[in-house]
file input.cif (mmCIF, C-alpha atoms and all ligand atoms)
data_upload
#
loop_
_atom_site.group_PDB
_atom_site.id
_atom_site.type_symbol
_atom_site.label_atom_id
_atom_site.label_comp_id
_atom_site.auth_asym_id
_atom_site.auth_seq_id
_atom_site.Cartn_x
_atom_site.Cartn_y
_atom_site.Cartn_z
ATOM 1 C CA MET R 1 -29.580 4.937 -0.760
ATOM 2 C CA LYS R 2 -26.950 2.208 -0.564
ATOM 3 C CA ARG R 3 -25.065 1.112 -3.669
ATOM 4 C CA ALA R 4 -23.841 -2.387 -4.499
ATOM 5 C CA ILE R 5 -20.105 -2.768 -5.061
ATOM 6 C CA THR R 6 -17.849 -5.661 -5.976
ATOM 7 C CA VAL R 7 -14.204 -5.260 -5.009
ATOM 8 C CA THR R 8 -11.295 -7.682 -5.114
ATOM 9 C CA VAL R 9 -9.004 -7.106 -2.144
ATOM 10 C CA ASN R 10 -5.838 -9.153 -1.689
ATOM 11 C CA GLY R 11 -7.133 -11.707 -4.169
ATOM 12 C CA VAL R 12 -10.558 -12.135 -2.520
ATOM 13 C CA THR R 13 -13.700 -10.769 -4.180
ATOM 14 C CA HIS R 14 -16.229 -9.044 -1.915
ATOM 15 C CA HIS R 15 -19.811 -7.938 -2.603
ATOM 16 C CA HIS R 16 -21.335 -5.280 -0.339
ATOM 17 C CA GLU R 17 -23.946 -2.580 -0.244
ATOM 18 C CA VAL R 18 -22.432 0.680 0.993
ATOM 19 C CA GLU R 19 -23.437 4.275 1.575
ATOM 20 C CA PRO R 20 -22.249 6.449 -1.331
ATOM 21 C CA ARG R 21 -20.400 8.697 1.149
ATOM 22 C CA LEU R 22 -18.362 5.846 2.693
ATOM 23 C CA LEU R 23 -14.636 6.425 2.241
ATOM 24 C CA LEU R 24 -12.611 3.547 0.842
ATOM 25 C CA VAL R 25 -10.321 3.553 3.879
ATOM 26 C CA HIS R 26 -13.335 3.061 6.163
ATOM 27 C CA TYR R 27 -14.646 0.293 3.908
ATOM 28 C CA LEU R 28 -11.300 -1.513 4.151
ATOM 29 C CA ARG R 29 -10.937 -1.036 7.898
ATOM 30 C CA GLU R 30 -14.496 -1.297 9.184
ATOM 31 C CA VAL R 31 -16.344 -3.442 6.654
ATOM 32 C CA LEU R 32 -13.520 -5.801 5.669
ATOM 33 C CA GLY R 33 -11.621 -5.575 8.984
ATOM 34 C CA LEU R 34 -8.309 -4.832 7.236
ATOM 35 C CA THR R 35 -6.964 -2.428 9.834
ATOM 36 C CA GLY R 36 -3.411 -2.415 8.497
ATOM 37 C CA THR R 37 -4.448 0.513 6.291
ATOM 38 C CA HIS R 38 -4.107 3.429 8.693
ATOM 39 C CA ILE R 39 -5.619 6.896 8.959
ATOM 40 C CA GLY R 40 -3.074 9.494 10.020
ATOM 41 C CA CYS R 41 -4.531 12.817 8.871
ATOM 42 C CA ASP R 42 -7.611 14.416 7.449
ATOM 43 C CA THR R 43 -5.801 16.328 4.759
ATOM 44 C CA THR R 44 -4.699 13.622 2.278
ATOM 45 C CA SER R 45 -1.100 14.371 3.161
ATOM 46 C CA CYS R 46 0.337 11.622 5.380
ATOM 47 C CA GLY R 47 0.095 8.548 3.133
ATOM 48 C CA ALA R 48 -0.677 6.171 6.025
ATOM 49 C CA CYS R 49 -3.752 5.019 4.083
ATOM 50 C CA THR R 50 -1.842 4.191 0.877
ATOM 51 C CA ILE R 51 -2.990 1.094 -0.975
ATOM 52 C CA LEU R 52 -2.492 -0.224 -4.486
ATOM 53 C CA PHE R 53 -5.604 0.449 -6.548
ATOM 54 C CA ASN R 54 -5.551 -1.404 -9.861
ATOM 55 C CA GLY R 55 -1.778 -1.665 -9.452
ATOM 56 C CA LEU R 56 -1.132 2.018 -8.696
ATOM 57 C CA THR R 57 -0.710 3.732 -5.347
ATOM 58 C CA ALA R 58 -3.735 5.606 -4.101
ATOM 59 C CA LYS R 59 -4.619 7.306 -0.837
ATOM 60 C CA SER R 60 -7.684 5.414 0.287
ATOM 61 C CA CYS R 61 -8.866 8.332 2.439
ATOM 62 C CA ASN R 62 -9.287 10.272 -0.790
ATOM 63 C CA LEU R 63 -11.534 7.768 -2.560
ATOM 64 C CA LEU R 64 -15.087 6.631 -1.999
ATOM 65 C CA ALA R 65 -15.806 2.954 -1.629
ATOM 66 C CA VAL R 66 -18.216 3.171 -4.578
ATOM 67 C CA GLN R 67 -15.296 4.318 -6.753
ATOM 68 C CA ALA R 68 -13.652 0.966 -6.040
ATOM 69 C CA ASN R 69 -16.478 -0.954 -7.694
ATOM 70 C CA GLY R 70 -14.769 -3.434 -10.039
ATOM 71 C CA ALA R 71 -11.286 -2.557 -8.765
ATOM 72 C CA THR R 72 -8.438 -4.768 -7.630
ATOM 73 C CA ILE R 73 -6.840 -3.594 -4.384
ATOM 74 C CA LEU R 74 -3.754 -4.632 -2.468
ATOM 75 C CA THR R 75 -3.373 -3.731 1.197
ATOM 76 C CA VAL R 76 -0.527 -4.545 3.545
ATOM 77 C CA GLU R 77 -2.376 -7.703 4.605
ATOM 78 C CA GLY R 78 -1.963 -9.050 1.067
ATOM 79 C CA LEU R 79 1.821 -8.765 0.930
ATOM 80 C CA ALA R 80 2.751 -12.007 2.673
ATOM 81 C CA GLN R 81 2.057 -15.019 0.475
ATOM 82 C CA ASP R 82 1.825 -18.668 1.532
ATOM 83 C CA GLY R 83 3.009 -17.848 5.042
ATOM 84 C CA ARG R 84 6.121 -16.041 3.810
ATOM 85 C CA LEU R 85 6.772 -12.331 4.226
ATOM 86 C CA HIS R 86 7.105 -10.280 1.044
ATOM 87 C CA PRO R 87 10.694 -9.172 0.341
ATOM 88 C CA ILE R 88 9.713 -5.589 1.178
ATOM 89 C CA GLN R 89 8.547 -6.738 4.613
ATOM 90 C CA GLU R 90 11.745 -8.714 5.167
ATOM 91 C CA ALA R 91 13.751 -5.662 4.101
ATOM 92 C CA PHE R 92 11.961 -3.319 6.545
ATOM 93 C CA TRP R 93 12.553 -5.875 9.275
ATOM 94 C CA GLU R 94 16.230 -6.301 8.502
ATOM 95 C CA GLU R 95 16.991 -2.589 8.081
ATOM 96 C CA HIS R 96 14.919 -1.424 11.067
ATOM 97 C CA GLY R 97 12.739 0.597 8.695
ATOM 98 C CA LEU R 98 10.172 1.379 11.353
ATOM 99 C CA GLN R 99 9.747 2.437 14.930
ATOM 100 C CA CYS R 100 6.061 2.638 15.859
ATOM 101 C CA GLY R 101 5.036 1.139 12.513
ATOM 102 C CA PHE R 102 2.106 3.470 11.923
ATOM 103 C CA CYS R 103 3.378 4.736 8.568
ATOM 104 C CA THR R 104 4.871 1.393 7.524
ATOM 105 C CA PRO R 105 1.990 -0.145 5.532
ATOM 106 C CA GLY R 106 1.751 2.959 3.359
ATOM 107 C CA MET R 107 5.526 3.197 3.046
ATOM 108 C CA MET R 108 5.771 -0.394 1.884
ATOM 109 C CA LEU R 109 3.030 -0.059 -0.720
ATOM 110 C CA SER R 110 4.554 3.141 -2.104
ATOM 111 C CA ALA R 111 7.930 1.401 -2.172
ATOM 112 C CA LEU R 112 6.436 -1.415 -4.227
ATOM 113 C CA GLN R 113 5.350 1.040 -6.868
ATOM 114 C CA ILE R 114 8.810 2.641 -6.909
ATOM 115 C CA LEU R 115 10.404 -0.779 -7.399
ATOM 116 C CA ALA R 116 7.851 -1.895 -9.984
ATOM 117 C CA ARG R 117 8.722 1.142 -12.111
ATOM 118 C CA ASN R 118 12.451 1.075 -11.439
ATOM 119 C CA PRO R 119 14.074 -2.061 -10.007
ATOM 120 C CA ASP R 120 17.300 -0.202 -9.240
ATOM 121 C CA PRO R 121 16.357 3.241 -7.902
ATOM 122 C CA SER R 122 18.880 5.729 -6.583
ATOM 123 C CA GLU R 123 18.538 7.113 -3.064
ATOM 124 C CA ALA R 124 17.205 10.360 -4.527
ATOM 125 C CA GLU R 125 14.620 8.472 -6.587
ATOM 126 C CA ILE R 126 13.497 6.536 -3.508
ATOM 127 C CA ARG R 127 13.145 9.722 -1.475
ATOM 128 C CA HIS R 128 11.210 11.371 -4.294
ATOM 129 C CA GLY R 129 8.932 8.322 -4.622
ATOM 130 C CA LEU R 130 8.173 8.362 -0.891
ATOM 131 C CA ASP R 131 7.515 12.072 -0.614
ATOM 132 C CA GLY R 132 3.765 11.479 -0.218
ATOM 133 C CA ASN R 133 4.354 9.340 2.873
ATOM 134 C CA LEU R 134 5.160 10.944 6.198
ATOM 135 C CA CYS R 135 6.901 9.225 9.095
ATOM 136 C CA ARG R 136 6.660 10.856 12.472
ATOM 137 C CA CYS R 137 9.231 8.576 14.111
ATOM 138 C CA THR R 138 12.346 8.184 11.992
ATOM 139 C CA GLY R 139 14.744 10.282 10.003
ATOM 140 C CA TYR R 140 13.781 8.286 6.877
ATOM 141 C CA GLN R 141 17.300 6.880 6.352
ATOM 142 C CA HIS R 142 16.325 3.410 7.590
ATOM 143 C CA ILE R 143 13.270 3.493 5.364
ATOM 144 C CA VAL R 144 15.417 4.358 2.340
ATOM 145 C CA ASN R 145 17.818 1.570 3.320
ATOM 146 C CA SER R 146 14.856 -0.800 3.484
ATOM 147 C CA VAL R 147 13.771 0.023 -0.056
ATOM 148 C CA GLN R 148 17.331 -0.481 -1.307
ATOM 149 C CA ASN R 149 17.465 -3.806 0.534
ATOM 150 C CA ALA R 150 14.124 -4.809 -1.032
ATOM 151 C CA ALA R 151 15.442 -3.920 -4.487
ATOM 152 C CA ARG R 152 18.380 -6.288 -3.957
ATOM 153 C CA ARG R 153 16.090 -9.048 -2.686
ATOM 154 C CA LEU R 154 13.653 -8.740 -5.580
ATOM 155 C CA LYS R 155 16.505 -8.804 -8.072
ATOM 156 C CA ALA R 156 18.059 -11.863 -6.435
ATOM 157 C CA GLU R 157 14.736 -13.682 -6.354
ATOM 158 C CA ALA R 158 13.724 -12.462 -9.842
ATOM 159 C CA VAL R 159 10.125 -11.812 -8.712
ATOM 160 C CA PRO R 160 7.889 -8.859 -9.618
ATOM 161 C CA ALA R 161 7.673 -6.187 -6.902
ATOM 162 C CA ILE R 162 3.877 -6.148 -6.981
ATOM 163 C CA PRO R 163 2.120 -9.478 -6.361
ATOM 164 C CA VAL R 164 0.144 -10.707 -9.370
ATOM 165 C CA THR R 165 -3.109 -10.639 -7.382
ATOM 166 C CA ALA R 166 -2.810 -6.855 -7.154
ATOM 167 C CA THR R 167 -2.502 -6.264 -10.876
ATOM 168 C CA ALA R 168 -4.916 -8.807 -12.350
ATOM 169 C CA GLN R 169 -7.398 -6.134 -13.401
ATOM 170 C CA SER R 170 -4.977 -3.251 -13.854
ATOM 171 C CA ALA R 171 -5.432 -2.842 -17.611
ATOM 172 C CA GLY R 172 -7.182 0.459 -18.151
ATOM 173 C CA GLY R 173 -7.530 0.937 -14.425
ATOM 174 C CA LYS R 174 -7.636 4.179 -12.587
ATOM 175 C CA GLY R 175 -5.432 5.102 -9.680
ATOM 176 C CA GLY R 176 -2.509 7.286 -8.687
ATOM 177 C CA ARG R 177 -2.490 9.817 -5.939
HETATM 178 S S1 LIG E 1 -4.991 9.283 6.081
HETATM 179 FE FE1 LIG E 1 -3.412 10.703 5.658
HETATM 180 S S2 LIG E 1 -3.258 10.640 3.483
HETATM 181 FE FE2 LIG E 1 -4.903 9.324 3.919
HETATM 182 S S1 LIG E 2 7.544 4.433 12.158
HETATM 183 FE FE1 LIG E 2 6.240 5.641 13.406
HETATM 184 S S2 LIG E 2 5.299 6.992 11.997
HETATM 185 FE FE2 LIG E 2 6.788 5.974 10.821
#

call {"tool": "encode", "arguments": {"input": "input.cif", "output": "C-alpha cells"}}
result
Amino acid sequence: MKRAITVTVNGVTHHHEVEPRLLLVHYLREVLGLTGTHIGCDTTSCGACTILFNGLTAKSCNLLAVQANGATILTVEGLAQDGRLHPIQEAFWEEHGLQCGFCTPGMMLSALQILARNPDPSEAEIRHGLDGNLCRCTGYQHIVNSVQNAARRLKAEAVPAIPVTATAQSAGGKGGR
C-alpha cells in the first residue's frame, strides 16, 4: 500500500504517494525528474548518489523515499542560485575537477559537507572526507584542487558552504552515510 510523503527538495516542497520499497534515489530521479543524482553501483560504495539530507551527506541509494518524509534535501540541481553557479561548481569548472562528470554531483555535495565543518581543510582532510566517493576517470588531484579552490572562494565571499535552503529543517535531523 502506498504511503504519503512530504519532502522539501532544493527549497520546493513536494507531496507524493509512494511505494514503501521505493528508494530515495529513484524518487529523486524518476518521480521528481532530478537526474543529476546518479546511480553508479548497487553496493552503497560509489557515492554517485550522494545528497544532503537534513544538512548531512547521505547516499540516497541506501534510503527509502518514505524515510525522507519531513526531510529537507539538497541535490546538485539546488546548488546554483539565482542563475549563478555555486562556488563549488565554479571551482570544479576552473580546476578541471571532472572528466565524464558522472561522480561530480556526489563529489560536490560531499565537498560541501567537508567545507561546512572545516572552512580550511588540509589536502589529507579533503581526501579523507571524499573517501566515500569514487571517481573512475581522474586521479583525484584535480578534485582535491577543486575543493581547495572552493574553500578560498567561500572564504572570500563570506558565504556558508551549504545553501540555507538545505539546512532549514536540519535541527534534530537524521542523516550521515
Ligand atoms: S549508487 Fe553507489 S553509493 Fe549509491
Ligand atoms: S569524472 Fe568520470 S567518474 Fe569522476

call {"tool": "residues_near_ligand", "arguments": {"input": "input.cif", "ligand": "ligand LIG 1 (chain E)", "cutoff": "9 Å", "atoms": "all atoms listed in the file", "output": "MDAnalysis selection string"}}
result
chainID R and resid 25 37:50 58:62 132:134

call {"tool": "residues_near_ligand", "arguments": {"input": "input.cif", "ligand": "ligand LIG 2 (chain E)", "cutoff": "10 Å", "atoms": "only C-alpha atoms and all ligand atoms", "output": "number ranges by chain"}}
result
R: 40, 46, 48, 96-107, 133-140, 142-143

call {"tool": "resolve_selection", "arguments": {"input": "input.cif", "expression": "the PyMOL selection byres (((chain R and resi 66-78) around 8) and not hetatm)", "output": "ChimeraX atom specification"}}
result
/R:3-11,18,20,22,24,34,36-37,51-55,63-65,79-81,105-106,108-109,165-170,173

call {"tool": "write_last_selection", "arguments": {"input": "input.cif", "atoms": "C-alpha atoms", "output": "JSON list (two decimals), keeping the file's coordinate frame"}}
result
[["chain", "number", "residue", "atom", "x", "y", "z"],
["R", 3, "ARG", "CA", -25.06, 1.11, -3.67],
["R", 4, "ALA", "CA", -23.84, -2.39, -4.50],
["R", 5, "ILE", "CA", -20.10, -2.77, -5.06],
["R", 6, "THR", "CA", -17.85, -5.66, -5.98],
["R", 7, "VAL", "CA", -14.20, -5.26, -5.01],
["R", 8, "THR", "CA", -11.30, -7.68, -5.11],
["R", 9, "VAL", "CA", -9.00, -7.11, -2.14],
["R", 10, "ASN", "CA", -5.84, -9.15, -1.69],
["R", 11, "GLY", "CA", -7.13, -11.71, -4.17],
["R", 18, "VAL", "CA", -22.43, 0.68, 0.99],
["R", 20, "PRO", "CA", -22.25, 6.45, -1.33],
["R", 22, "LEU", "CA", -18.36, 5.85, 2.69],
["R", 24, "LEU", "CA", -12.61, 3.55, 0.84],
["R", 34, "LEU", "CA", -8.31, -4.83, 7.24],
["R", 36, "GLY", "CA", -3.41, -2.42, 8.50],
["R", 37, "THR", "CA", -4.45, 0.51, 6.29],
["R", 51, "ILE", "CA", -2.99, 1.09, -0.98],
["R", 52, "LEU", "CA", -2.49, -0.22, -4.49],
["R", 53, "PHE", "CA", -5.60, 0.45, -6.55],
["R", 54, "ASN", "CA", -5.55, -1.40, -9.86],
["R", 55, "GLY", "CA", -1.78, -1.66, -9.45],
["R", 63, "LEU", "CA", -11.53, 7.77, -2.56],
["R", 64, "LEU", "CA", -15.09, 6.63, -2.00],
["R", 65, "ALA", "CA", -15.81, 2.95, -1.63],
["R", 79, "LEU", "CA", 1.82, -8.76, 0.93],
["R", 80, "ALA", "CA", 2.75, -12.01, 2.67],
["R", 81, "GLN", "CA", 2.06, -15.02, 0.48],
["R", 105, "PRO", "CA", 1.99, -0.14, 5.53],
["R", 106, "GLY", "CA", 1.75, 2.96, 3.36],
["R", 108, "MET", "CA", 5.77, -0.39, 1.88],
["R", 109, "LEU", "CA", 3.03, -0.06, -0.72],
["R", 165, "THR", "CA", -3.11, -10.64, -7.38],
["R", 166, "ALA", "CA", -2.81, -6.86, -7.15],
["R", 167, "THR", "CA", -2.50, -6.26, -10.88],
["R", 168, "ALA", "CA", -4.92, -8.81, -12.35],
["R", 169, "GLN", "CA", -7.40, -6.13, -13.40],
["R", 170, "SER", "CA", -4.98, -3.25, -13.85],
["R", 173, "GLY", "CA", -7.53, 0.94, -14.42]]

call {"tool": "closest_residue", "arguments": {"input": "input.cif", "among": "R:Arg117, R:Gly129, R:Asn149, R:Val144", "to": "Ile162 of chain R", "atoms": "only C-alpha atoms"}}
result
R:Arg117

call {"tool": "closest_residue", "arguments": {"input": "input.cif", "among": "R:Leu56, R:Ile88, R:Ala116, R:Leu23", "to": "Ala161 of chain R", "atoms": "all atoms listed in the file"}}
result
R:Ala116

call {"tool": "closest_residue", "arguments": {"input": "input.cif", "among": "R:Pro163, R:Gly83, R:Pro121, R:Gly33", "to": "Asn145 of chain R", "atoms": "all atoms listed in the file"}}
result
R:Pro121

call {"tool": "resolve_selection", "arguments": {"input": "input.cif", "expression": "the PyMOL selection byres (((chain R and resi 87) around 10) and not hetatm)", "output": "PyMOL selection string"}}
result
chain R and resi 79-80+84-86+88-93+112+146-147+149-154+157+159+161

call {"tool": "atom_distance", "arguments": {"input": "input.cif", "atom1": "atom CA of Arg29 of chain R", "atom2": "atom CA of Gln113 of chain R"}}
result
22.1 Å

call {"tool": "atom_distance", "arguments": {"input": "input.cif", "atom1": "atom CA of Asp82 of chain R", "atom2": "atom CA of His15 of chain R"}}
result
24.5 Å
